[in-house]
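Visitor: coords.tsv (TSV, C-alpha atoms) pasted underneath:
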```
chain	number	residue	atom	x	y	z
W	1	MET	CA	-9.63	20.29	23.72
W	2	ASN	CA	-12.13	17.92	22.10
W	3	ALA	CA	-14.64	19.44	19.72
W	4	PRO	CA	-17.13	18.00	17.26
W	5	ALA	CA	-15.53	16.84	14.02
W	6	THR	CA	-17.34	19.55	12.11
W	7	ALA	CA	-16.27	22.29	14.52
W	8	GLY	CA	-14.42	25.13	12.90
W	9	MET	CA	-10.98	26.26	13.90
W	10	LEU	CA	-12.45	28.72	16.39
W	11	GLN	CA	-13.89	25.89	18.46
W	12	ALA	CA	-11.28	23.23	17.77
W	13	LEU	CA	-8.04	25.01	18.68
W	14	PRO	CA	-6.96	26.63	21.94
W	15	ALA	CA	-7.07	30.44	21.70
W	16	GLU	CA	-3.26	30.81	21.76
W	17	HIS	CA	-2.81	28.43	18.82
W	18	ARG	CA	-5.69	29.95	16.90
W	19	HIS	CA	-4.18	33.45	17.27
W	20	ARG	CA	-0.78	32.23	16.11
W	21	LEU	CA	-2.27	30.61	13.02
W	22	MET	CA	-4.34	33.68	12.20
W	23	ARG	CA	-1.17	35.77	11.97
W	24	PHE	CA	-0.47	33.81	8.76
W	25	ALA	CA	-3.98	34.27	7.32
W	26	ARG	CA	-4.48	36.13	4.07
W	27	GLU	CA	-7.98	37.23	3.03
W	28	VAL	CA	-9.03	35.92	-0.38
W	29	SER	CA	-12.24	35.65	-2.37
W	30	PHE	CA	-13.45	33.33	-5.12
W	31	PRO	CA	-16.37	33.83	-7.51
W	32	GLN	CA	-18.98	31.10	-7.78
W	33	GLY	CA	-17.73	28.29	-10.02
W	34	THR	CA	-14.05	28.77	-9.17
W	35	ARG	CA	-12.17	25.49	-8.90
W	36	LEU	CA	-9.96	25.76	-5.79
W	37	PHE	CA	-8.14	22.49	-6.45
W	38	ASN	CA	-8.38	19.13	-8.19
W	39	GLU	CA	-7.54	15.64	-6.98
W	40	GLY	CA	-3.85	14.90	-7.36
W	41	GLY	CA	-2.79	18.55	-7.48
W	42	ARG	CA	-0.14	19.94	-5.14
W	43	ALA	CA	-1.66	20.75	-1.73
W	44	ASP	CA	0.29	23.88	-0.84
W	45	ARG	CA	-2.38	25.86	1.02
W	46	PHE	CA	-5.65	25.60	2.90
W	47	TRP	CA	-8.57	27.87	3.71
W	48	ILE	CA	-11.08	28.67	6.42
W	49	ILE	CA	-14.39	29.83	4.92
W	50	ARG	CA	-15.66	33.20	6.13
W	51	THR	CA	-18.70	33.40	3.86
W	52	GLY	CA	-20.09	31.28	1.05
W	53	THR	CA	-20.04	27.58	0.27
W	54	VAL	CA	-17.58	25.14	-1.28
W	55	ALA	CA	-18.42	21.66	-2.58
W	56	LEU	CA	-15.90	18.88	-2.05
W	57	ASP	CA	-16.02	16.33	-4.85
W	58	MET	CA	-14.45	13.05	-5.81
W	59	HIS	CA	-13.57	11.87	-9.29
W	60	VAL	CA	-15.56	8.77	-10.26
W	61	PRO	CA	-14.30	7.13	-13.48
W	62	GLY	CA	-16.90	7.16	-16.23
W	63	ARG	CA	-19.24	9.39	-14.25
W	64	GLN	CA	-19.66	12.99	-13.19
W	65	ALA	CA	-17.67	13.92	-10.07
W	66	ALA	CA	-19.56	13.01	-6.90
W	67	VAL	CA	-20.13	15.84	-4.43
W	68	ILE	CA	-19.10	14.46	-1.05
W	69	GLU	CA	-19.89	17.40	1.19
W	70	THR	CA	-20.68	21.10	1.04
W	71	LEU	CA	-18.73	23.32	3.43
W	72	GLY	CA	-19.70	26.69	4.85
W	73	HIS	CA	-18.85	29.31	7.46
W	74	ASN	CA	-15.75	28.63	9.58
W	75	GLU	CA	-15.05	25.22	8.01
W	76	LEU	CA	-11.67	23.98	6.84
W	77	ILE	CA	-11.10	23.55	3.11
W	78	GLY	CA	-8.24	21.15	2.59
W	79	TRP	CA	-6.48	18.70	4.87
W	80	SER	CA	-4.11	17.08	2.37
W	81	TRP	CA	-1.47	19.77	2.94
W	82	LEU	CA	-0.63	18.30	6.38
W	83	PHE	CA	0.27	14.79	5.24
W	84	ALA	CA	3.07	13.63	2.94
W	85	PRO	CA	2.98	13.69	0.05
W	86	PRO	CA	0.95	16.91	0.05
W	87	ALA	CA	-1.43	16.13	-2.82
W	88	TRP	CA	-5.16	16.81	-2.85
W	89	HIS	CA	-7.32	13.74	-2.23
W	90	LEU	CA	-10.55	15.47	-3.29
W	91	GLY	CA	-11.50	18.39	-5.49
W	92	ALA	CA	-13.17	21.64	-4.40
W	93	GLU	CA	-15.34	24.21	-6.15
W	94	ALA	CA	-17.01	27.39	-4.92
W	95	THR	CA	-20.78	26.89	-5.16
W	96	SER	CA	-21.42	30.53	-4.23
W	97	PRO	CA	-19.15	33.56	-3.93
W	98	VAL	CA	-16.64	32.73	-1.19
W	99	ARG	CA	-14.58	34.85	1.16
W	100	ALA	CA	-11.96	32.92	3.09
W	101	TYR	CA	-8.75	33.04	5.04
W	102	GLU	CA	-5.93	31.41	3.10
W	103	PHE	CA	-2.88	29.86	4.76
W	104	ASP	CA	0.46	28.86	3.25
W	105	ALA	CA	0.90	25.17	4.08
W	106	THR	CA	4.71	25.27	4.15
W	107	ALA	CA	4.73	28.09	6.70
W	108	ILE	CA	2.16	26.38	8.91
W	109	ARG	CA	3.92	22.99	8.76
W	110	SER	CA	7.17	24.72	9.73
W	111	MET	CA	5.50	26.50	12.63
W	112	CYS	CA	3.96	23.20	13.80
W	113	LYS	CA	7.35	21.47	13.60
W	114	ASP	CA	8.95	24.22	15.72
W	115	ASP	CA	6.18	24.11	18.35
W	116	PRO	CA	5.11	20.53	19.19
W	117	ALA	CA	2.08	21.69	21.25
W	118	LEU	CA	0.80	23.75	18.32
W	119	GLY	CA	1.58	20.88	15.97
W	120	ALA	CA	-0.40	18.46	18.13
W	121	SER	CA	-3.39	20.84	18.25
W	122	VAL	CA	-3.36	21.36	14.48
W	123	ALA	CA	-2.92	17.63	13.84
W	124	GLN	CA	-5.87	16.81	16.13
W	125	TRP	CA	-8.07	19.44	14.46
W	126	VAL	CA	-7.18	18.37	10.92
W	127	GLY	CA	-7.36	14.68	11.87
W	128	ASP	CA	-10.89	15.14	13.23
W	129	VAL	CA	-11.89	16.91	10.02
W	130	LEU	CA	-10.27	14.15	7.95
W	131	ALA	CA	-12.12	11.40	9.83
W	132	HIS	CA	-15.42	13.23	9.32
W	133	ARG	CA	-14.73	13.72	5.58
W	134	LEU	CA	-13.87	10.04	5.10
W	135	ARG	CA	-17.15	9.01	6.74
W	136	SER	CA	-19.01	11.52	4.56
W	137	ALA	CA	-17.30	10.23	1.41
W	138	ARG	CA	-18.16	6.63	2.23
W	139	THR	CA	-21.78	7.44	3.00
W	140	ARG	CA	-22.20	9.61	-0.09
W	141	LEU	CA	-20.64	7.06	-2.43
W	142	LEU	CA	-22.84	4.30	-0.99
W	143	ASP	CA	-25.87	6.54	-1.49
W	144	LEU	CA	-24.91	7.16	-5.11
W	145	TYR	CA	-23.54	3.84	-6.32
W	146	ALA	CA	-24.36	0.91	-4.03
W	147	PRO	CA	-27.29	-1.37	-4.83
W	148	TYR	CA	-30.36	-0.57	-2.75
W	149	GLY	CA	-30.15	-2.09	0.72
W	150	SER	CA	-26.41	-2.79	0.61
W	151	GLY	CA	-25.39	-0.11	3.13
W	152	SER	CA	-23.94	-1.09	6.48
W	153	LEU	CA	-25.07	-0.13	9.94
W	154	LEU	CA	-21.91	1.95	10.55
```
Show me the file's structure as structure tokens.

Guide:
Amino acid sequence: MNAPATAGMLQALPAEHRHRLMRFAREVSFPQGTRLFNEGGRADRFWIIRTGTVALDMHVPGRQAAVIETLGHNELIGWSWLFAPPAWHLGAEATSPVRAYEFDATAIRSMCKDDPALGASVAQWVGDVLAHRLRSARTRLLDLYAPYGSGSLL
């Protein structure tokens, strides 16, 4: 099933796979200002936002962290858990109070390994999100730090 890169899990995964994943969901909440993770930290979980917003940021040496994208309802927080080594490539902070579903990465990776069809669906979903986030990061960093007029047509 092909879905837009920004599609949430509900649109991106077949119903059977979505239901199986949701059996592992744990409801959590974070107050505004909570740091969910930092670049380089161990990526041992991921979240689907129910309510609120989370800013993804990137460390820029000698400068304040650059916000790459702000995520909201039904969006995936964290893709680094799926790829070895499982270390965060960005940071994340709640920019409003957040309610989310939290998933244990080890349990989900194990389930995906045991069911190749599920694994392929999850990999496609997370891969689409990853591709979108990389494009967003590139665009945002060019906006912030490239000399005027140096952007590409991509």

Visitor: May I ask which of the residues W:Asp114, W:Glu39, W:Glu93, W:Asp128 is the closest one to Leu56 in chain W, counting all atoms listed in the file?

Guide: W:Glu93

Visitor: Taking all atoms of range 48-55 of chain W that the file lists and extending 4 Å past them on each side, where is the centre of the axis-aligned box and how long are its edges? Answer in Å to one decimal, as lines of an AutoDock Vina configuration file.

Guide:
```
center_x = -15.6
center_y = 27.5
center_z = 1.9
size_x = 17.0
size_y = 19.7
size_z = 17.0
```

Visitor: Measure the distance from CA of Tyr101 in chain W to CA of Glu27 in chain W in Å and round it to one decimal.

Guide: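 Distance between the two atoms: 4.7 Å.
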
Visitor: Expressed in Å to a single decimal, how great is the separation between CA of Phe103 in chain W and CA of Ser80 in chain W?

Guide: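 Atom-to-atom, CA of Phe103 in chain W and CA of Ser80 in chain W are spaced 13.1 Å apart.
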
Visitor: Rounded to one decimal in Å, what is the spacing between CA of Arg135 in chain W and CA of Leu82 in chain W?

Guide: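 So the two atoms, CA of Arg135 in chain W and CA of Leu82 in chain W, lie 19.0 Å apart.
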
Visitor: In terms of the shortest atom-to-atom distance over all atoms listed in the file, which of W:Thr139, W:Gln11, W:Thr51, W:Gln124 is closest to Thr95 in chain W?

Guide: W:Thr51

Visitor: Would you pick out the contacts of Asp44 in chain W at 10 Å or less, using all atoms listed in the file, so that residues sharing its chain but fewer than 4 positions from it are not included, and give the list as a PDB file with C-alpha atoms, in the coordinates of the input?

Guide:
```pdb
ATOM      1  CA  GLY W  78      -8.240  21.150   2.590  1.00  0.00           C
ATOM      2  CA  SER W  80      -4.110  17.080   2.370  1.00  0.00           C
ATOM      3  CA  TRP W  81      -1.470  19.770   2.940  1.00  0.00           C
ATOM      4  CA  LEU W  82      -0.630  18.300   6.380  1.00  0.00           C
ATOM      5  CA  PRO W  86       0.950  16.910   0.050  1.00  0.00           C
ATOM      6  CA  ALA W  87      -1.430  16.130  -2.820  1.00  0.00           C
ATOM      7  CA  TRP W  88      -5.160  16.810  -2.850  1.00  0.00           C
ATOM      8  CA  PHE W 103      -2.880  29.860   4.760  1.00  0.00           C
ATOM      9  CA  ASP W 104       0.460  28.860   3.250  1.00  0.00           C
ATOM     10  CA  ALA W 105       0.900  25.170   4.080  1.00  0.00           C
ATOM     11  CA  THR W 106       4.710  25.270   4.150  1.00  0.00           C
ATOM     12  CA  ALA W 107       4.730  28.090   6.700  1.00  0.00           C
TER      13      ALA W 107
END
```

Visitor: Counting all atoms listed in the file, which residues sit no farther than 12 Å from the position (-13.9, 33.9, 1.5) in the file's frame? I'd like them as a VMD selection string.

Guide: chain W and resid 25 to 32 34 36 46 to 54 71 to 77 94 to 102

Visitor: Of the candidates W:Ser136, W:Val126, W:Ala65, W:Leu118, which shows the shortest atom-to-atom distance to His19 in chain W, using all atoms listed in the file?

Guide: W:Leu118

Visitor: Give the answer as one residue: which of W:Ala12, W:Pro147, W:Phe83, W:Ala55 has the shortest atom-to-atom distance to Thr70 in chain W, using only C-alpha atoms?

Guide: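 For Thr70 in chain W, the nearest of the candidates is W:Ala55.
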
Visitor: Using all atoms listed in the file, find the one residue out of W:Ala123, W:Ala15, W:Leu141, W:Arg42 that sits nearest to Ile108 in chain W.

Guide: W:Ala123
